[in-house]
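These notes concern the structure reproduced below.
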Amino acid sequence: MKKRVVIILTMILLFSAVTVYAGNAIYGYFNGYEKVKVLLNGEQMVSKIPGFIIENTTVLPLKTIAESMGAIVYWDEGKSLVKMIKPNVNMQLTANPVLDNGNYVIYSPFGKIPTNRRSGFNFSVYSEVDNLPNEKLQIKVVLKDPDGKLVEEGETKTFDATNEDSLQYVTPFKNIDFIKTGNYRVEFLLKSEATRGEFLKIGEKLILVK
């Protein structure tokens with residue numbers, strides 16, 4: 001009989017759900033243990049080491065799940081210690097952010113593109129990020145279409161989080177053509193030593209195009 005276990009990882013990211021399906025070894029075995037199918041927000045998670053069941057306990061690949069939720073995972077081999085850091089990302093889409101006494105003031109925030117303004121659209125992405133890991137980082141913001149294809153990529157910048165764990169960041173996008181209908185994704189990406197030199201998505205904002 002199929003059993004369904006829902007695990008809510010509130011320590012990593014509120015309202016993100018990991019759903020595990022198992023039963024009668026229908027997904028095969030891993031090193032003699034029954035494998036399970038893992039869905040993250042409805043999408044199947046793929047990892048080198050699958051989830052499996054041992055002694056009636058479901059074991060899941062922590063690093064894969066954590067990074068899928070925008071958390072950065074550190075492994076201290078000397079202490080056999082796993083540390084996870086989940087940066088807090090607040091992104092706003094605006095036509096004109098204004099810097100006033102060291103703080104940005106957001107005018108005309110939006111979340112969808114009017115039909116008559118889908119060509120040559122100019123906007124900026126204002127990002128507030130805190131709880132960053134204590135190391136030098138590279139950051140950038142990218143725009144992807146409803147099919148996940150890259151539309152535009154903002155400038156990559158280096159940020160030294162050893163002195164301060166928060167930042168304000170504005171990325172301009174010029175003359176963007178929103179050709180397809182659906183949800184475009186604005187993604188905030190971070191690269192650090194812990195991400196193995198690859199950019200990791202730690203936040204996103206949707207733009208609805210009808």
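Ordering of the structure tokens sets the chain letters (A, B, ...), residue numbers begin anew at 1 in every chain, and ligands are numbered from 1 in the order given.
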Worksheet item: So which bits of range 36-156 of chain A end up alpha helix (DSSP H) when you DSSP the backbone, as a list in words?
Response: Leu62, Lys63, Thr64, Ile65, Ala66, Glu67 and Ser68 of chain A
Worksheet item: Could you pull out all residues of range 30-134 of chain A with a DSSP call of strand (DSSP E) and give them as a PyMOL selection string?
Response: chain A and resi 30+33-40+43-44+51-54+57-59+72-76+81-85+88-100+103-109+112-113+121-130
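Considering only C-alpha atoms, the residue among A:Lys205, A:Lys48, A:Arg117, A:Lys180 positioned nearest to Pro61 in chain A is A:Lys48.
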So that I can check the surroundings of Asn96 in chain A, please list as a PDB file with N, CA, C and O atoms, in the first residue's frame every protein, DNA and RNA residue that reaches within 10 Å of it, counting only C-alpha atoms and ignoring chain neighbours fewer than 4 positions away.
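The file below, around-v4.pdb, is the result:
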ATOM      1  N   TYR A 104      17.018  53.178  -0.468  1.00  0.00           N
ATOM      2  CA  TYR A 104      16.273  53.288  -1.713  1.00  0.00           C
ATOM      3  C   TYR A 104      14.783  53.480  -1.428  1.00  0.00           C
ATOM      4  O   TYR A 104      14.208  52.833  -0.550  1.00  0.00           O
ATOM      5  N   VAL A 105      14.181  54.382  -2.183  1.00  0.00           N
ATOM      6  CA  VAL A 105      12.735  54.596  -2.140  1.00  0.00           C
ATOM      7  C   VAL A 105      12.158  54.030  -3.428  1.00  0.00           C
ATOM      8  O   VAL A 105      12.619  54.364  -4.525  1.00  0.00           O
ATOM      9  N   ILE A 106      11.170  53.146  -3.288  1.00  0.00           N
ATOM     10  CA  ILE A 106      10.616  52.445  -4.443  1.00  0.00           C
ATOM     11  C   ILE A 106       9.344  53.144  -4.916  1.00  0.00           C
ATOM     12  O   ILE A 106       8.387  53.304  -4.161  1.00  0.00           O
ATOM     13  N   TYR A 107       9.356  53.551  -6.180  1.00  0.00           N
ATOM     14  CA  TYR A 107       8.179  54.162  -6.789  1.00  0.00           C
ATOM     15  C   TYR A 107       7.604  53.209  -7.840  1.00  0.00           C
ATOM     16  O   TYR A 107       8.333  52.537  -8.557  1.00  0.00           O
ATOM     17  N   SER A 108       6.291  53.165  -7.914  1.00  0.00           N
ATOM     18  CA  SER A 108       5.567  52.390  -8.932  1.00  0.00           C
ATOM     19  C   SER A 108       6.004  50.928  -8.992  1.00  0.00           C
ATOM     20  O   SER A 108       6.401  50.429 -10.054  1.00  0.00           O
ATOM     21  N   PRO A 109       5.933  50.192  -7.872  1.00  0.00           N
ATOM     22  CA  PRO A 109       6.228  48.755  -7.938  1.00  0.00           C
ATOM     23  C   PRO A 109       5.175  48.042  -8.781  1.00  0.00           C
ATOM     24  O   PRO A 109       4.028  48.489  -8.872  1.00  0.00           O
ATOM     25  N   ASN A 122      11.440  48.970 -19.807  1.00  0.00           N
ATOM     26  CA  ASN A 122      12.556  49.274 -18.912  1.00  0.00           C
ATOM     27  C   ASN A 122      12.095  49.167 -17.460  1.00  0.00           C
ATOM     28  O   ASN A 122      11.039  49.689 -17.097  1.00  0.00           O
ATOM     29  N   PHE A 123      12.888  48.510 -16.636  1.00  0.00           N
ATOM     30  CA  PHE A 123      12.570  48.423 -15.214  1.00  0.00           C
ATOM     31  C   PHE A 123      13.833  48.082 -14.436  1.00  0.00           C
ATOM     32  O   PHE A 123      14.886  47.778 -15.012  1.00  0.00           O
ATOM     33  N   SER A 124      13.724  48.150 -13.120  1.00  0.00           N
ATOM     34  CA  SER A 124      14.837  47.786 -12.245  1.00  0.00           C
ATOM     35  C   SER A 124      14.351  46.790 -11.199  1.00  0.00           C
ATOM     36  O   SER A 124      13.173  46.781 -10.830  1.00  0.00           O
ATOM     37  N   VAL A 125      15.268  45.971 -10.732  1.00  0.00           N
ATOM     38  CA  VAL A 125      14.989  45.030  -9.654  1.00  0.00           C
ATOM     39  C   VAL A 125      15.734  45.508  -8.411  1.00  0.00           C
ATOM     40  O   VAL A 125      16.964  45.603  -8.412  1.00  0.00           O
ATOM     41  N   TYR A 126      14.969  45.849  -7.382  1.00  0.00           N
ATOM     42  CA  TYR A 126      15.565  46.263  -6.112  1.00  0.00           C
ATOM     43  C   TYR A 126      15.568  45.066  -5.171  1.00  0.00           C
ATOM     44  O   TYR A 126      14.528  44.458  -4.916  1.00  0.00           O
ATOM     45  N   PRO A 172      19.362  47.121 -13.201  1.00  0.00           N
ATOM     46  CA  PRO A 172      18.512  47.662 -14.265  1.00  0.00           C
ATOM     47  C   PRO A 172      18.377  46.683 -15.435  1.00  0.00           C
ATOM     48  O   PRO A 172      19.326  45.975 -15.779  1.00  0.00           O
TER      49      PRO A 172
END
Worksheet item: Contacts of Ala71 in chain A at 9 Å or less, counting only C-alpha atoms, minus same-chain residues fewer than 4 places along, as an MDAnalysis selection string?
Response: chainID A and resid 12:13 63 65:67 84:87 200:202
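Closest approach to Glu55 in chain A among A:Glu77, A:Glu43, A:Glu34, A:Asp145: A:Glu34, based on only C-alpha atoms.
Compared by their closest atoms to Asn31 in chain A, and using only C-alpha atoms, the residues A:Val46, A:Arg196, A:Leu81, A:Phe52 rank with A:Phe52 nearest.
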Using only C-alpha atoms, tabulate the residues of range 16-123 of chain A lying at most 12 Å from any atom of range 134-142 of chain A, each with its closest atom pair and that distance in Å to one decimal, by chain and increasing residue number, as a Markdown table.
| residue | atom | partner | partner_atom | distance |
| --- | --- | --- | --- | --- |
| A:Ile72 | CA | A:Asn134 | CA | 11.4 |
| A:Tyr74 | CA | A:Asn134 | CA | 11.5 |
| A:Ile85 | CA | A:Asn134 | CA | 9.9 |
| A:Pro87 | CA | A:Asn134 | CA | 11.2 |
| A:Val89 | CA | A:Val141 | CA | 11.9 |
| A:Met91 | CA | A:Val141 | CA | 10.3 |
| A:Leu93 | CA | A:Val141 | CA | 11.9 |
Worksheet entry | Option closest in space to Asn163 in chain A, from A:Ile49, A:Gly70, A:Pro133, A:Gln44 [counting only C-alpha atoms] | A:Pro133
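The space separating CA of Asn90 in chain A from CA of Val129 in chain A comes to 6.4 Å.
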Item to complete: Go through A:Thr64, A:Thr115, A:Ser47, A:Gln92 and flag the residue nearest Ile179 in chain A, using only C-alpha atoms for the distances.
Response: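 Of all the options, A:Thr115 lies closest to Ile179 in chain A.
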Worksheet, complete the sentence: Ala161 in chain A proximity check over A:Thr94, A:Thr58, A:Thr181, A:Asn131, using only C-alpha atoms: winner is A:Asn131
Worksheet item: So how many Å separate CA of Thr171 in chain A and CA of Phe159 in chain A, to one decimal?
Response: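 Between CA of Thr171 in chain A and CA of Phe159 in chain A the gap is 14.5 Å.
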